Amino acid sequence: MTAALARPELGTTVLELRSRLAAITEAPAIDVRALGTGVAALDAVLARGGVPCGRLTELIGARGGGKTTLLRHLVRATVARGLWVAYVDAARTLAPRDWAAAAAARGAEPVLWMIRPERAARAAWCAELLLRSGAFALVVLDGAPPLASAAAVRLARLAREGGAAFVVAAEDDASAAALGGALRLRVARGSRTVKVTVEKGGRRRTVEVDHARTVAHRVCAHPEVPDRRGVARPRAARDGEHAAAARAAAVVAPARRERAARVPAAAVG
């Protein structure tokens, strides 16, 4: 419906356009109070049965503690409902193979948008634009520098106005001190399980997630393939110089032999 309104046919009248617009604006909105995390045991202890919409959620845990794995389950559960998700990968380290299935498009429109800013400091600005758009049911800010109190309040207000679930992943309490989220989850990796503790926004309880679940991976900060052209060029240049020298020698050598053969004959005469 939206695509047809953006690119109307030549024979479409103003009245038809108005009727299409009315059909869009008068359509009943889907009231989503929470988004399931994809872990049934965790949803059972949360106040709304999942991550609350219109609120800021804090996800705290050390690097390698399982935050990315929990976020991936949350994203896949949201995408399965046909809702749009925006994921800001400030560290630019998410492994693409772990998100290929979740990024599958429904029809002609993708439901998962991965944003990788050139600088981590621009991640909060990207999240602000995404929340202002009102198009996403879930916005994740991962790997960004600690947010200031003013920025956290502004982003939480935008999430409340747009009705989006806003999740910020932080590595320690100092980074999450200024967030003031409605829900706080602490993630820690055990020997065979990932422990998720609900510290705020639900019954204070620890849920253990078995390692048998698929674990999301991260790659190095600069996953691009190293550029080998700088190493290959000198060798190619040397090969080219040798080939040119060989061709020049093949042309010059007969002329030198011919001159050498004429010089003794002139001396004898």
# chains A, B, ... in the order shown; residues from 1 in each chain; ligands from 1
>>> residues_around(residues="region 45-57 of chain A", least_positions_apart="2", cutoff="9 Å", atoms="only C-alpha atoms", output="PyMOL selection string")
chain A and resi 32-38+40-43+59+74+137-138+152+155-169+179-185+198+201-205+207
>>> select_by_dssp(residues="region 57-162 of chain A", states="alpha helix (DSSP H)", output="JSON, numbers by chain")
{"A": [67, 68, 69, 70, 71, 72, 73, 74, 75, 76, 77, 78, 79, 80, 123, 124, 125, 126, 127, 128, 129, 130, 131, 132, 133, 149, 150, 151, 152, 153, 154, 155, 156, 157, 158, 159, 160, 161, 162]}
>>> closest_residue(among="A:Asp142, A:Met114, A:Gly66, A:Ala135", to="Arg192 (chain A)", atoms="only C-alpha atoms")
A:Gly66
>>> closest_residue(among="A:Pro110, A:Gly65, A:Gly134, A:Gly143", to="Thr93 (chain A)", atoms="only C-alpha atoms")
A:Gly143
